[in-house]
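Structure first, commentary second.
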Amino acid sequence: MNYKSIAIFSLTVLCTLQARAQAQPKTEMDKGAIFPKGQRAPAANFTGTVWVQQLIEPDSAFNIPVGYVTFEPGARSNWHSHAGGQVLLAMGGIGYYQEQGKPIQILRKGDAVKCPPNTPHWHGASPTVGFMQVAITPNTATGRVTWMQPVTDKEFNSLKP
């Protein structure tokens, strides 16, 4: 096969793959996604449908796991805390973030939040729009996350206009 044939073959394969990808139905949340949704998050720690794609696994050199989390509308984490704190990067949609004792913050694409160490908080999607985030959570000698009770509907719906 000569170079011209290889180039034509490669272009044909790329066009076919792109046409297949465009033919797949996409939800509003999928349209702006940078990373794959990954696996369903454990229902024991979340309300609603949540997906997690681990982007960086911790190892001996980099003990800072990084995950991409997709929350469908109304989905949210339970209250939880991190001994090493956590950084959230809003990638799309509309998100909610709340530290215990403080009002809910709205997160939009491009927002960043620093969750202080050992501070109970929760995060998730707004009631009507999904949310995508990157979560950076350092491991510590005492562990990465302490899960607590679910966020009640009253807490979730307490956003003041």
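Residues are named by chain letter and number: chains run A, B, ... in the order of the structure tokens, numbers start at 1 in each chain, and ligands are numbered from 1 in the order shown.
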
(message) as a list in words, please: every residue in segment 70-161 of chain A that DSSP puts in helix (DSSP H, G or I).
(response)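 In segment 70-161 of chain A, DSSP puts these residues in helix (DSSP H, G or I): Asp153, Lys154, Glu155 and Phe156 of chain A.
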
(request) Find the spatial neighbours of segment 125-130 of chain A, counting only C-alpha atoms, within a cut-off of 8 Å - ignore same-chain residues fewer than 5 positions away - and output them as a list of chain:residue names. (result) A:Met29, A:Thr70, A:Phe71, A:Glu72, A:Pro73, A:Gly74, A:Ala75, A:Arg76, A:Gly93, A:Ile94, A:Gly95, A:Tyr96

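Taking only C-alpha atoms into account, Lys102 of chain A lies nearest to A:Leu159 out of the set A:Val52, A:Leu159, A:Val87, A:Met148.
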
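Each of A:Gly92, A:His121, A:Ser60, A:Arg40 was compared to Leu107 of chain A using only C-alpha atoms, and A:Gly92 turns out to be the nearest.
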
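Atom CA of Gln149 of chain A lies 20.6 Å from atom CA of Leu88 of chain A.
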
(request) Check the smallest atom-to-atom distance from each of A:Phe131, A:Lys160, A:Gln54, A:Thr137 to Gln105 of chain A using only C-alpha atoms, then report the winner. (result)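 For Gln105 of chain A, the nearest of the given residues is A:Lys160.
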
(request) Go through A:Ile106, A:Ala83, A:Val134, A:Ala112 one by one, measure the shortest atom-to-atom distance of each to Thr146 of chain A using only C-alpha atoms, and give the residue with the smallest value. (result)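 Closest residue, counting only C-alpha atoms: A:Ala83.
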
(request) Record the distance separating atom CA of Trp147 of chain A and atom CA of Val66 of chain A, expressed in Å with one decimal. (result)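 The value is 17.9 Å.
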
(message) Calculated over only C-alpha atoms, which of the candidates A:Val69, A:Lys114, A:Thr140, A:Asn157 has the smallest distance to Phe46 of chain A?
(response)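 Of A:Val69, A:Lys114, A:Thr140, A:Asn157, the one nearest Phe46 of chain A is A:Val69, counting only C-alpha atoms.
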
(message) Measuring between only C-alpha atoms, which one of A:Leu89, A:Ile136, A:His123, A:Val151 shows the shortest distance to Asn63 of chain A?
(response) A:Ile136

(message) I'd like the interatomic distance between atom CA of Gly84 of chain A and atom CA of Asn139 of chain A, to a tenth of an Å.
(response)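 A separation of 6.4 Å between them.
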